[in-house]
$ cat coords_12.cif   # mmCIF, C-alpha atoms
data_query
#
loop_
_atom_site.label_atom_id
_atom_site.label_comp_id
_atom_site.auth_asym_id
_atom_site.auth_seq_id
_atom_site.Cartn_x
_atom_site.Cartn_y
_atom_site.Cartn_z
CA MET K 1 54.93 70.36 -46.58
CA ASN K 2 55.56 69.63 -42.91
CA GLY K 3 58.62 67.83 -41.58
CA LYS K 4 56.93 64.47 -41.18
CA GLU K 5 55.66 64.52 -44.75
CA LEU K 6 59.12 65.44 -46.03
CA ILE K 7 60.57 62.48 -44.13
CA ALA K 8 57.95 60.05 -45.45
CA ARG K 9 58.32 61.31 -49.03
CA ARG K 10 62.12 61.02 -48.90
CA VAL K 11 62.00 57.47 -47.53
CA ALA K 12 59.54 56.48 -50.25
CA ARG K 13 62.18 57.41 -52.84
CA GLU K 14 64.41 54.58 -51.54
CA LEU K 15 61.86 51.94 -52.48
CA ARG K 16 62.39 49.93 -55.64
CA ASP K 17 60.05 47.89 -57.77
CA GLY K 18 59.45 44.46 -56.26
CA PHE K 19 60.69 45.31 -52.75
CA TYR K 20 59.14 43.60 -49.75
CA VAL K 21 58.94 46.27 -47.05
CA ASN K 22 57.88 46.41 -43.42
CA LEU K 23 56.72 49.79 -42.19
CA GLY K 24 56.80 50.49 -38.45
CA ILE K 25 53.99 52.10 -36.49
CA GLY K 26 53.43 55.87 -36.73
CA LEU K 27 55.44 57.98 -39.15
CA PRO K 28 56.88 54.99 -41.10
CA THR K 29 53.33 53.80 -41.88
CA THR K 30 52.70 57.04 -43.80
CA VAL K 31 55.51 56.20 -46.25
CA ALA K 32 52.99 53.97 -48.07
CA THR K 33 51.11 57.08 -49.20
CA TYR K 34 54.11 58.33 -51.18
CA VAL K 35 55.36 55.26 -53.04
CA PRO K 36 56.19 56.62 -56.52
CA ASP K 37 53.92 55.75 -59.44
CA GLY K 38 55.00 52.78 -61.52
CA ILE K 39 56.71 51.06 -58.59
CA GLU K 40 55.12 48.03 -57.00
CA VAL K 41 56.16 47.62 -53.39
CA ILE K 42 54.71 44.77 -51.33
CA LEU K 43 54.11 45.87 -47.76
CA GLN K 44 54.29 43.32 -44.99
CA SER K 45 52.46 43.58 -41.71
CA GLU K 46 53.89 41.32 -39.02
CA ASN K 47 50.44 40.43 -37.70
CA GLY K 48 50.06 38.28 -40.81
CA LEU K 49 49.53 40.12 -44.08
CA LEU K 50 51.59 40.56 -47.24
CA GLY K 51 50.20 43.14 -49.62
CA ILE K 52 48.68 45.90 -47.50
CA GLY K 53 46.23 48.06 -49.43
CA PRO K 54 45.21 51.67 -48.75
CA PRO K 55 43.14 52.67 -45.70
CA PRO K 56 39.48 51.61 -46.04
CA SER K 57 36.47 53.90 -46.27
CA ALA K 58 34.18 53.79 -43.22
CA GLU K 59 31.95 51.22 -44.98
CA GLN K 60 34.91 49.02 -45.96
CA GLU K 61 36.32 48.77 -42.41
CA ASP K 62 36.68 45.18 -41.23
CA PRO K 63 37.84 44.55 -37.63
CA ASP K 64 39.38 41.25 -38.82
CA LEU K 65 41.67 43.12 -41.22
CA ILE K 66 44.20 45.36 -39.51
CA ASN K 67 47.86 46.31 -39.74
CA ALA K 68 50.46 46.00 -36.97
CA GLY K 69 49.42 49.45 -35.73
CA LYS K 70 45.95 47.93 -35.21
CA GLN K 71 44.44 50.21 -37.85
CA PRO K 72 41.94 48.80 -40.37
CA VAL K 73 43.50 48.30 -43.79
CA THR K 74 42.47 46.77 -47.10
CA ILE K 75 43.96 44.03 -49.23
CA LEU K 76 45.06 44.05 -52.86
CA HIS K 77 44.97 41.50 -55.65
CA GLY K 78 47.79 39.14 -54.70
CA SER K 79 47.65 39.70 -50.93
CA SER K 80 48.11 36.78 -48.56
CA PHE K 81 47.36 36.02 -44.89
CA PHE K 82 49.43 33.89 -42.51
CA GLY K 83 50.10 33.39 -38.82
CA SER K 84 52.54 35.32 -36.62
CA ASP K 85 55.13 32.51 -36.63
CA GLN K 86 55.18 32.56 -40.44
CA ALA K 87 55.29 36.39 -40.45
CA PHE K 88 58.49 36.32 -38.43
CA ALA K 89 59.95 33.37 -40.29
CA MET K 90 59.92 35.58 -43.40
CA ILE K 91 61.46 38.44 -41.42
CA ARG K 92 64.08 36.37 -39.58
CA GLY K 93 64.79 34.34 -42.68
CA GLY K 94 66.00 37.43 -44.52
CA HIS K 95 63.20 37.60 -47.07
CA MET K 96 62.40 41.28 -46.51
CA ASP K 97 64.28 43.99 -48.40
CA VAL K 98 63.78 47.02 -46.15
CA SER K 99 62.52 47.72 -42.68
CA ILE K 100 61.52 51.29 -41.85
CA LEU K 101 61.19 52.11 -38.16
CA GLY K 102 60.85 55.02 -35.79
CA ALA K 103 63.37 55.64 -33.01
CA MET K 104 63.83 57.34 -29.69
CA GLN K 105 67.65 57.24 -30.02
CA VAL K 106 70.15 56.14 -32.65
CA SER K 107 73.87 56.04 -31.89
CA SER K 108 76.70 57.00 -34.23
CA GLN K 109 77.46 53.27 -34.52
CA GLY K 110 73.91 52.44 -35.60
CA ASP K 111 72.60 51.17 -32.26
CA LEU K 112 68.85 51.65 -31.99
CA ALA K 113 66.66 52.37 -28.94
CA ASN K 114 62.92 52.54 -29.56
CA TRP K 115 60.97 50.37 -27.14
CA THR K 116 61.05 51.56 -23.55
CA ILE K 117 61.90 54.33 -21.11
CA PRO K 118 62.74 52.68 -17.77
CA GLY K 119 60.41 53.77 -14.97
CA LYS K 120 58.32 55.89 -17.32
CA MET K 121 57.02 54.07 -20.34
CA VAL K 122 56.12 50.39 -20.57
CA LYS K 123 55.26 49.52 -24.16
CA GLY K 124 57.37 46.69 -25.43
CA MET K 125 59.49 45.97 -28.44
CA GLY K 126 56.77 44.31 -30.50
CA GLY K 127 58.47 43.07 -33.65
CA ALA K 128 61.20 45.71 -33.73
CA MET K 129 63.99 43.52 -32.31
CA ASP K 130 63.21 40.76 -34.80
CA LEU K 131 63.04 43.21 -37.69
CA VAL K 132 66.37 44.92 -37.00
CA ALA K 133 68.18 41.62 -36.41
CA SER K 134 66.99 40.14 -39.70
CA GLY K 135 69.73 41.52 -41.90
CA ALA K 136 67.29 43.57 -44.01
CA ARG K 137 68.30 47.17 -44.63
CA VAL K 138 67.12 49.29 -41.69
CA ILE K 139 66.07 52.88 -42.30
CA VAL K 140 65.09 54.97 -39.29
CA ALA K 141 62.49 57.62 -40.12
CA MET K 142 62.07 60.08 -37.27
CA GLU K 143 61.91 63.71 -36.25
CA HIS K 144 65.42 65.00 -35.63
CA ASN K 145 64.92 65.96 -31.98
CA ALA K 146 62.61 64.88 -29.18
CA LYS K 147 59.63 67.09 -28.33
CA ASP K 148 61.67 68.74 -25.53
CA GLY K 149 64.52 69.36 -27.99
CA ALA K 150 66.70 66.53 -26.68
CA PHE K 151 69.13 64.84 -29.09
CA LYS K 152 67.95 61.64 -30.69
CA ILE K 153 71.09 61.05 -32.74
CA VAL K 154 73.69 60.46 -30.04
CA GLU K 155 77.19 59.10 -29.43
CA GLU K 156 75.84 56.27 -27.23
CA CYS K 157 72.21 55.40 -26.55
CA SER K 158 71.21 55.95 -22.91
CA LEU K 159 67.93 54.05 -23.35
CA PRO K 160 67.69 50.24 -23.48
CA LEU K 161 68.66 48.99 -26.92
CA THR K 162 66.51 47.39 -29.57
CA GLY K 163 69.55 46.26 -31.54
CA VAL K 164 73.30 46.76 -31.72
CA ARG K 165 74.79 48.21 -34.94
CA VAL K 166 71.64 47.59 -36.91
CA VAL K 167 70.71 50.95 -38.46
CA ASN K 168 71.90 51.67 -42.02
CA ASP K 169 70.37 55.10 -42.64
CA ILE K 170 68.45 57.80 -40.81
CA VAL K 171 66.14 60.35 -42.36
CA THR K 172 64.87 63.37 -40.44
CA GLU K 173 63.38 66.69 -41.48
CA LEU K 174 66.95 68.05 -41.58
CA GLY K 175 68.57 65.51 -43.85
CA TRP K 176 69.62 62.02 -44.86
CA PHE K 177 72.28 60.37 -42.73
CA HIS K 178 74.25 57.22 -43.50
CA ILE K 179 75.88 55.16 -40.75
CA SER K 180 79.36 54.30 -41.98
CA ARG K 181 82.30 52.62 -40.26
CA GLU K 182 83.75 56.06 -39.62
CA GLY K 183 80.55 57.40 -38.08
CA ILE K 184 77.44 59.25 -39.16
CA VAL K 185 77.67 60.97 -42.52
CA LEU K 186 75.22 63.68 -43.59
CA GLU K 187 74.68 62.89 -47.26
CA GLU K 188 71.67 65.10 -48.04
CA ILE K 189 70.50 68.32 -46.43
CA ALA K 190 66.94 69.64 -46.46
CA GLU K 191 66.09 72.92 -48.15
CA GLY K 192 66.81 75.98 -45.99
CA VAL K 193 68.83 74.03 -43.42
CA THR K 194 72.48 74.83 -42.72
CA ARG K 195 75.29 72.47 -41.74
CA GLU K 196 75.66 74.40 -38.50
CA GLU K 197 72.01 73.85 -37.63
CA VAL K 198 72.31 70.10 -38.22
CA GLU K 199 75.46 69.97 -36.06
CA LYS K 200 73.81 71.98 -33.30
CA ARG K 201 70.81 69.69 -33.18
CA THR K 202 72.80 66.44 -33.34
CA GLY K 203 74.28 64.84 -30.21
CA CYS K 204 77.33 63.24 -31.79
CA HIS K 205 80.19 64.08 -34.11
CA LEU K 206 78.90 64.49 -37.62
CA LEU K 207 80.72 63.88 -40.88
CA PHE K 208 79.70 65.59 -44.11
CA ALA K 209 79.66 63.87 -47.45
CA GLN K 210 82.17 65.37 -49.90
CA GLN K 211 79.31 66.07 -52.22
CA LEU K 212 76.50 67.08 -49.89
CA ARG K 213 73.28 66.90 -51.92
CA PRO K 214 69.98 68.69 -51.37
CA MET K 215 67.35 66.36 -49.87
CA LEU K 216 64.51 66.27 -52.34
CA PRO K 217 61.22 64.63 -51.45
CA PHE K 218 60.69 63.38 -55.02
CA MET P 1 47.84 28.07 -14.18
CA THR P 2 49.41 29.23 -17.44
CA VAL P 3 47.02 30.43 -20.14
CA MET P 4 47.80 31.44 -23.71
CA LEU P 5 45.35 33.82 -25.34
CA GLY P 6 45.32 34.36 -29.09
CA GLY P 7 44.93 37.68 -30.85
CA PHE P 8 46.84 40.72 -32.03
CA GLY P 9 45.57 43.86 -30.38
CA LEU P 10 41.81 43.30 -30.25
CA CYS P 11 41.83 41.38 -33.56
CA GLY P 12 41.21 37.65 -33.31
CA ILE P 13 40.84 37.53 -29.53
CA PRO P 14 38.56 34.97 -27.85
CA GLU P 15 36.29 37.65 -26.45
CA ASN P 16 33.52 35.31 -25.25
CA LEU P 17 36.00 33.01 -23.52
CA ILE P 18 37.56 36.01 -21.79
CA ALA P 19 34.11 37.10 -20.60
CA ALA P 20 33.46 33.56 -19.32
CA LEU P 21 36.77 33.51 -17.43
CA ILE P 22 35.90 36.82 -15.79
CA ARG P 23 32.46 35.50 -14.77
CA LYS P 24 34.17 32.45 -13.27
CA GLY P 25 36.44 34.75 -11.27
CA VAL P 26 39.67 32.73 -11.53
CA LYS P 27 42.73 34.45 -10.08
CA GLY P 28 46.49 34.13 -10.20
CA LEU P 29 46.71 33.39 -13.91
CA HIS P 30 50.04 33.42 -15.69
CA THR P 31 49.10 34.72 -19.12
CA ILE P 32 50.93 34.54 -22.44
CA SER P 33 49.58 36.78 -25.18
CA ASN P 34 51.11 39.25 -27.61
CA ASN P 35 49.28 42.19 -26.01
CA MET P 36 47.15 42.99 -22.96
CA GLY P 37 44.01 44.25 -24.68
CA VAL P 38 43.12 47.85 -23.97
CA ASP P 39 41.72 49.55 -20.89
CA GLY P 40 38.12 48.33 -20.90
CA PHE P 41 38.26 45.50 -23.43
CA GLY P 42 39.84 42.12 -24.12
CA MET P 43 42.50 41.06 -21.63
CA GLY P 44 42.33 44.57 -20.18
CA LEU P 45 39.15 43.38 -18.46
CA MET P 46 41.02 40.43 -16.90
CA LEU P 47 43.69 42.79 -15.63
CA GLU P 48 41.05 45.12 -14.17
CA ALA P 49 39.42 42.11 -12.45
CA GLY P 50 42.76 41.31 -10.76
CA MET P 51 43.01 37.89 -12.39
CA ILE P 52 46.54 38.15 -13.77
CA ALA P 53 49.62 37.37 -11.67
CA SER P 54 52.18 37.53 -14.46
CA HIS P 55 52.26 38.17 -18.17
CA ILE P 56 54.54 37.35 -21.09
CA GLY P 57 53.98 39.45 -24.21
CA SER P 58 55.71 41.66 -26.76
CA TYR P 59 53.73 44.90 -26.78
CA VAL P 60 51.43 46.23 -24.07
CA GLY P 61 51.44 49.92 -24.97
CA GLU P 62 47.67 50.21 -25.27
CA ASN P 63 46.98 49.40 -21.63
CA ARG P 64 47.57 52.21 -19.15
CA LEU P 65 46.54 50.20 -16.09
CA LEU P 66 49.21 47.64 -16.93
CA GLU P 67 51.83 50.38 -17.26
CA ARG P 68 50.88 51.72 -13.83
CA LEU P 69 50.94 48.25 -12.23
CA VAL P 70 54.33 47.41 -13.74
CA ILE P 71 55.93 50.70 -12.74
CA ALA P 72 54.51 50.22 -9.21
CA GLY P 73 56.02 46.72 -9.15
CA GLU P 74 52.61 45.07 -8.75
CA LEU P 75 52.64 42.96 -11.90
CA ASP P 76 55.35 40.64 -13.15
CA LEU P 77 55.69 41.51 -16.86
CA THR P 78 58.13 39.86 -19.26
CA LEU P 79 58.48 41.53 -22.64
CA ILE P 80 60.07 39.52 -25.42
CA PRO P 81 60.48 40.14 -29.15
CA GLN P 82 57.30 39.30 -31.04
CA GLY P 83 58.92 36.89 -33.48
CA THR P 84 60.69 35.13 -30.63
CA LEU P 85 57.35 34.85 -28.80
CA ALA P 86 55.69 33.36 -31.88
CA GLU P 87 58.54 30.92 -32.47
CA ARG P 88 58.74 29.88 -28.79
CA ILE P 89 55.05 28.97 -28.98
CA ARG P 90 55.45 27.21 -32.32
CA ALA P 91 58.42 25.25 -30.92
CA GLY P 92 56.37 24.39 -27.82
CA GLY P 93 53.75 22.77 -30.00
CA ALA P 94 56.27 21.08 -32.28
CA GLY P 95 58.38 19.29 -29.66
CA ILE P 96 61.42 21.54 -30.07
CA PRO P 97 62.73 22.45 -26.59
CA ALA P 98 65.00 25.30 -27.67
CA PHE P 99 66.36 27.11 -30.72
CA TYR P 100 68.59 30.05 -31.68
CA VAL P 101 67.55 33.49 -32.93
CA PRO P 102 69.38 36.75 -33.65
CA ALA P 103 66.68 39.03 -32.14
CA GLY P 104 67.74 40.69 -28.90
CA VAL P 105 71.50 40.07 -29.09
CA GLY P 106 73.26 42.84 -27.12
CA THR P 107 70.02 43.96 -25.42
CA VAL P 108 68.35 43.25 -22.07
CA VAL P 109 66.57 40.35 -23.79
CA ALA P 110 69.92 38.54 -23.91
CA GLU P 111 70.52 38.73 -20.15
CA GLY P 112 71.05 35.28 -18.67
CA LYS P 113 70.70 33.52 -22.01
CA GLU P 114 73.19 31.22 -23.68
CA THR P 115 74.68 32.72 -26.83
CA ARG P 116 76.32 30.86 -29.65
CA GLU P 117 78.01 31.79 -32.89
CA PHE P 118 76.95 30.26 -36.17
CA ASP P 119 78.81 31.31 -39.32
CA GLY P 120 80.27 34.35 -37.58
CA LYS P 121 76.97 35.72 -36.27
CA THR P 122 75.82 35.65 -32.64
CA TYR P 123 72.48 34.09 -31.67
CA LEU P 124 70.51 33.69 -28.44
CA MET P 125 69.15 30.39 -27.28
CA GLU P 126 65.42 30.64 -26.64
CA ARG P 127 63.29 28.02 -24.92
CA ALA P 128 59.94 26.70 -26.09
CA LEU P 129 56.76 27.96 -24.42
CA ARG P 130 53.80 25.81 -23.47
CA ALA P 131 50.66 26.47 -21.45
CA ASP P 132 48.10 24.51 -19.46
CA VAL P 133 45.31 26.02 -21.52
CA SER P 134 45.15 27.90 -24.82
CA LEU P 135 42.12 30.08 -25.47
CA ILE P 136 41.98 30.90 -29.13
CA LYS P 137 39.67 32.39 -31.71
CA ALA P 138 38.94 30.95 -35.16
CA TRP P 139 36.35 31.72 -37.80
CA LYS P 140 34.89 28.26 -38.43
CA ALA P 141 35.31 24.82 -36.90
CA ASP P 142 33.89 21.38 -37.55
CA ARG P 143 33.30 18.46 -35.17
CA HIS P 144 36.91 17.28 -35.50
CA GLY P 145 38.18 20.70 -34.48
CA ASN P 146 39.51 21.56 -37.92
CA LEU P 147 39.85 25.34 -38.04
CA VAL P 148 39.88 28.11 -40.58
CA PHE P 149 40.66 31.70 -39.73
CA ARG P 150 39.55 35.00 -41.19
CA LYS P 151 42.04 37.55 -42.57
CA THR P 152 44.46 38.98 -39.97
CA ALA P 153 42.43 37.51 -37.11
CA ARG P 154 44.68 34.45 -37.56
CA ASN P 155 47.87 35.92 -35.98
CA PHE P 156 48.99 33.90 -32.91
CA ASN P 157 45.94 31.62 -32.82
CA PRO P 158 47.18 28.64 -34.90
CA ALA P 159 50.53 28.47 -33.07
CA MET P 160 48.86 28.69 -29.65
CA ALA P 161 46.41 25.95 -30.61
CA THR P 162 49.36 23.55 -30.77
CA ALA P 163 51.13 24.50 -27.54
CA ALA P 164 48.78 23.71 -24.64
CA GLU P 165 47.57 20.69 -22.70
CA LEU P 166 44.00 21.84 -23.39
CA THR P 167 43.06 23.97 -26.40
CA ILE P 168 39.68 25.66 -26.33
CA VAL P 169 38.57 27.43 -29.47
CA GLU P 170 35.92 30.09 -29.82
CA VAL P 171 34.41 30.27 -33.30
CA GLU P 172 31.83 32.30 -35.17
CA GLU P 173 30.43 29.32 -37.04
CA PHE P 174 30.27 25.58 -36.39
CA VAL P 175 29.98 23.64 -39.63
CA GLU P 176 29.28 20.03 -40.60
CA LEU P 177 32.15 17.66 -41.33
CA GLY P 178 33.02 17.98 -45.00
CA GLU P 179 32.04 21.62 -45.30
CA LEU P 180 35.60 22.84 -44.82
CA ASP P 181 37.80 22.16 -47.83
CA PRO P 182 40.77 20.13 -46.54
CA ASP P 183 43.00 22.38 -48.66
CA ASP P 184 41.82 25.42 -46.66
CA ILE P 185 42.22 24.05 -43.14
CA VAL P 186 44.92 25.97 -41.26
CA THR P 187 44.72 24.14 -37.93
CA PRO P 188 44.05 20.41 -38.21
CA GLY P 189 41.65 19.09 -35.57
CA ILE P 190 44.30 17.04 -33.75
CA TYR P 191 45.34 20.19 -31.87
CA VAL P 192 41.85 21.17 -30.72
CA ASP P 193 40.11 19.82 -27.60
CA ARG P 194 36.97 21.98 -27.21
CA VAL P 195 35.00 24.24 -29.54
CA VAL P 196 32.62 26.93 -28.36
CA VAL P 197 30.42 29.04 -30.65
CA GLY P 198 30.64 32.64 -29.47
CA ALA P 199 27.31 34.22 -28.57
CA GLU P 200 28.13 37.54 -30.14
CA PHE P 201 31.24 39.41 -31.18
CA GLN P 202 31.94 43.07 -30.52
CA LYS P 203 35.24 43.21 -32.42
CA PRO P 204 36.08 46.81 -31.51
CA ILE P 205 38.46 48.70 -33.79
CA GLU P 206 41.42 49.86 -31.75
CA SER P 207 42.97 52.56 -33.90
CA ARG P 208 42.23 54.45 -37.10
CA PHE P 209 44.26 56.26 -39.70
CA ILE P 210 44.35 59.98 -39.32
CA GLN P 211 44.41 60.84 -42.98
CA GLU P 212 47.40 63.00 -43.75
CA ARG P 213 46.51 64.34 -47.13
CA ALA P 214 49.23 64.33 -49.73
CA GLN P 215 50.12 67.81 -50.95
CA PRO P 216 50.49 68.00 -54.72
#
$ encode --input "coords_12.cif" --output "structure tokens"
Amino acid sequence: MNGKELIARRVARELRDGFYVNLGIGLPTTVATYVPDGIEVILQSENGLLGIGPPPSAEQEDPDLINAGKQPVTILHGSSFFGSDQAFAMIRGGHMDVSILGAMQVSSQGDLANWTIPGKMVKGMGGAMDLVASGARVIVAMEHNAKDGAFKIVEECSLPLTGVRVVNDIVTELGWFHISREGIVLEEIAEGVTREEVEKRTGCHLLFAQQLRPMLPF
Amino acid sequence: MTVMLGGFGLCGIPENLIAALIRKGVKGLHTISNNMGVDGFGMGLMLEAGMIASHIGSYVGENRLLERLVIAGELDLTLIPQGTLAERIRAGGAGIPAFYVPAGVGTVVAEGKETREFDGKTYLMERALRADVSLIKAWKADRHGNLVFRKTARNFNPAMATAAELTIVEVEEFVELGELDPDDIVTPGIYVDRVVVGAEFQKPIESRFIQERAQP
């Protein structure tokens, strides 16, 4: 199992029956693959769909039916379509249970940066600012370090923010981190990873839960 | 001239109206749309034709030309949160000049905006958006301009239909009055000024899943 799959499988374990969940583009989208059996989670796509089904076969692909990552999807019994204003009314109105997003940086206070690199990358925030401001639980699912090894969990974000004090939990291939008032707490550690390694690869002071648990994908 | 264009990515975009605009060769447009198409399709073609002076959107990451133009300072781009964009358009069509949202508090989006506390939480005041023309895409229309949409091709189209001086709709099918069930109509005809039946639709698919197989 690679790191990304471990992350997606661990996040999936947080989902409960009946949850309405928004999955961000990229790694968070793959969480849908690992929703445990017997649990019905209703996935929302902010382009106007509640009840995202699995990816279509080549014959099933419909260009009028995509997710927020612009990938073709399918619908399920009980799915519904609506406009963008309605999609964000349900987000802003606090009707979603969990929002799972990727990040470029997360601070020890739970600040999130994931939409732009000044002078380098012009992408845009899409729905991320609305999602993290909605009051739903925010879980960041990301690789622990940037491709060049740079810290992504930091004392203060250097990149422009998506939201201030909005992240509740972070999951990486190294472990599960909870943002508490005192700072970031490592609550679960992945198999074969040491505390020292997590500290070395994290750009801020790290607290350890009194009962540090192994991070199990299922 | 300010123009709103419906669609999310390449889904539900008025592709024939975009082609017509390019043939007409209008320049200096101030566009409002969630995205900027891709290099080589949708609004990307308008950008390549040098028609766009400024753009308001929420996500433009699929257009490399736009990224180059913005970094070079050659295009005035305003990025705003997607839900705020949708609500600003909705408000524009509904006669609501301004409203408060939590998205963007403490970020660059908040710069220069009035903030206000309600029940202990801080909100930004956002202004309504309107346009001279909205170019939108629907599935079917009748002679009154009643519209129905297909699946996720709805997205920003119904809101934009309400927020312009002139709303032009591109449809796949024009039907007789009475064929659309009044219970199914998403956009009532009062918002629609012109209906055009698109000649053909390419509807390219922008992205596909790379299947990451679950390990047992």
$ resolve_selection --input "coords_12.cif" --expression "the PyMOL selection byres ((chain P) within 8 of (chain K))" --output "mmCIF file with C-alpha atoms, keeping the file's coordinate frame"
data_model
loop_
_atom_site.group_PDB
_atom_site.id
_atom_site.type_symbol
_atom_site.label_atom_id
_atom_site.label_comp_id
_atom_site.auth_asym_id
_atom_site.auth_seq_id
_atom_site.Cartn_x
_atom_site.Cartn_y
_atom_site.Cartn_z
ATOM 1 C CA PHE P 8 46.840 40.720 -32.030
ATOM 2 C CA GLY P 9 45.570 43.860 -30.380
ATOM 3 C CA LEU P 10 41.810 43.300 -30.250
ATOM 4 C CA CYS P 11 41.830 41.380 -33.560
ATOM 5 C CA GLY P 12 41.210 37.650 -33.310
ATOM 6 C CA SER P 58 55.710 41.660 -26.760
ATOM 7 C CA TYR P 59 53.730 44.900 -26.780
ATOM 8 C CA VAL P 60 51.430 46.230 -24.070
ATOM 9 C CA GLY P 61 51.440 49.920 -24.970
ATOM 10 C CA GLU P 62 47.670 50.210 -25.270
ATOM 11 C CA GLU P 67 51.830 50.380 -17.260
ATOM 12 C CA VAL P 70 54.330 47.410 -13.740
ATOM 13 C CA ILE P 71 55.930 50.700 -12.740
ATOM 14 C CA LEU P 79 58.480 41.530 -22.640
ATOM 15 C CA ILE P 80 60.070 39.520 -25.420
ATOM 16 C CA PRO P 81 60.480 40.140 -29.150
ATOM 17 C CA GLN P 82 57.300 39.300 -31.040
ATOM 18 C CA GLY P 83 58.920 36.890 -33.480
ATOM 19 C CA THR P 84 60.690 35.130 -30.630
ATOM 20 C CA ALA P 86 55.690 33.360 -31.880
ATOM 21 C CA GLU P 87 58.540 30.920 -32.470
ATOM 22 C CA ARG P 90 55.450 27.210 -32.320
ATOM 23 C CA PRO P 102 69.380 36.750 -33.650
ATOM 24 C CA ALA P 103 66.680 39.030 -32.140
ATOM 25 C CA GLY P 104 67.740 40.690 -28.900
ATOM 26 C CA VAL P 105 71.500 40.070 -29.090
ATOM 27 C CA GLY P 106 73.260 42.840 -27.120
ATOM 28 C CA THR P 107 70.020 43.960 -25.420
ATOM 29 C CA VAL P 108 68.350 43.250 -22.070
ATOM 30 C CA ARG P 150 39.550 35.000 -41.190
ATOM 31 C CA LYS P 151 42.040 37.550 -42.570
ATOM 32 C CA THR P 152 44.460 38.980 -39.970
ATOM 33 C CA ALA P 153 42.430 37.510 -37.110
ATOM 34 C CA ARG P 154 44.680 34.450 -37.560
ATOM 35 C CA ASN P 155 47.870 35.920 -35.980
ATOM 36 C CA PHE P 156 48.990 33.900 -32.910
ATOM 37 C CA ASN P 157 45.940 31.620 -32.820
ATOM 38 C CA PRO P 158 47.180 28.640 -34.900
ATOM 39 C CA ALA P 159 50.530 28.470 -33.070
ATOM 40 C CA LYS P 203 35.240 43.210 -32.420
ATOM 41 C CA PRO P 204 36.080 46.810 -31.510
ATOM 42 C CA ILE P 205 38.460 48.700 -33.790
ATOM 43 C CA GLU P 206 41.420 49.860 -31.750
ATOM 44 C CA SER P 207 42.970 52.560 -33.900
ATOM 45 C CA ARG P 208 42.230 54.450 -37.100
ATOM 46 C CA PHE P 209 44.260 56.260 -39.700
ATOM 47 C CA GLU P 212 47.400 63.000 -43.750
ATOM 48 C CA ALA P 214 49.230 64.330 -49.730
ATOM 49 C CA GLN P 215 50.120 67.810 -50.950
#
$ closest_residue --input "coords_12.cif" --among "P:Thr167, P:Asn16, P:Ser33, P:Asn63" --to "Gly198 in chain P" --atoms "only C-alpha atoms"
P:Asn16
$ closest_residue --input "coords_12.cif" --among "P:Ile56, P:Met160, P:Met51, P:Ala19" --to "Asn35 in chain P" --atoms "all atoms listed in the file"
P:Ile56
$ closest_residue --input "coords_12.cif" --among "P:Leu180, P:Val197, P:Glu48, P:Glu126" --to "Ala91 in chain P" --atoms "all atoms listed in the file"
P:Glu126
$ resolve_selection --input "coords_12.cif" --expression "the PyMOL selection byres ((chain K and resi 150) around 12)" --output "mmCIF file with C-alpha atoms, in the frame of the given file"
data_model
loop_
_atom_site.group_PDB
_atom_site.id
_atom_site.type_symbol
_atom_site.label_atom_id
_atom_site.label_comp_id
_atom_site.auth_asym_id
_atom_site.auth_seq_id
_atom_site.Cartn_x
_atom_site.Cartn_y
_atom_site.Cartn_z
ATOM 1 C CA MET K 104 63.830 57.340 -29.690
ATOM 2 C CA GLN K 105 67.650 57.240 -30.020
ATOM 3 C CA GLU K 143 61.910 63.710 -36.250
ATOM 4 C CA HIS K 144 65.420 65.000 -35.630
ATOM 5 C CA ASN K 145 64.920 65.960 -31.980
ATOM 6 C CA ALA K 146 62.610 64.880 -29.180
ATOM 7 C CA LYS K 147 59.630 67.090 -28.330
ATOM 8 C CA ASP K 148 61.670 68.740 -25.530
ATOM 9 C CA GLY K 149 64.520 69.360 -27.990
ATOM 10 C CA PHE K 151 69.130 64.840 -29.090
ATOM 11 C CA LYS K 152 67.950 61.640 -30.690
ATOM 12 C CA ILE K 153 71.090 61.050 -32.740
ATOM 13 C CA VAL K 154 73.690 60.460 -30.040
ATOM 14 C CA LYS K 200 73.810 71.980 -33.300
ATOM 15 C CA ARG K 201 70.810 69.690 -33.180
ATOM 16 C CA THR K 202 72.800 66.440 -33.340
ATOM 17 C CA GLY K 203 74.280 64.840 -30.210
#
$ resolve_selection --input "coords_12.cif" --expression "the PyMOL selection byres ((chain P and resi 32) around 10)" --output "list in words"
Thr2, Val3, Met4, Leu5, Gly6, Leu29, His30, Thr31, Ser33, Asn34, Asn35, Met36, Ser54, His55, Ile56, Gly57, Ser58, Thr78, Leu85, Ile89, Leu129, Arg130, Ala131, Ser134 and Met160 of chain P
$ axis_aligned_box --input "coords_12.cif" --around "range 92-109 of chain P" --padding-each-side "5 Å" --output "JSON"
{"center_x": 63.5, "center_y": 31.6, "center_z": -27.9, "size_x": 29.5, "size_y": 34.7, "size_z": 21.6}
$ closest_residue --input "coords_12.cif" --among "P:Glu165, P:Glu74, P:Asp193, P:Asp183" --to "Val148 in chain P" --atoms "all atoms listed in the file"
P:Asp183
$ atom_distance --input "coords_12.cif" --atom1 "CA of Arg213 in chain K" --atom2 "CA of Arg181 in chain K"
20.5 Å
$ residues_around --input "coords_12.cif" --residues "Glu179 in chain P" --least-positions-apart "6" --cutoff "10 Å" --atoms "all atoms listed in the file" --output "number ranges by chain"
P: 140-142
$ write_last_selection --input "coords_12.cif" --atoms "C-alpha atoms" --output "PDB file, in the coordinates of the input"
ATOM      1  CA  LYS P 140      34.890  28.260 -38.430  1.00  0.00           C
ATOM      2  CA  ALA P 141      35.310  24.820 -36.900  1.00  0.00           C
ATOM      3  CA  ASP P 142      33.890  21.380 -37.550  1.00  0.00           C
TER       4      ASP P 142
END
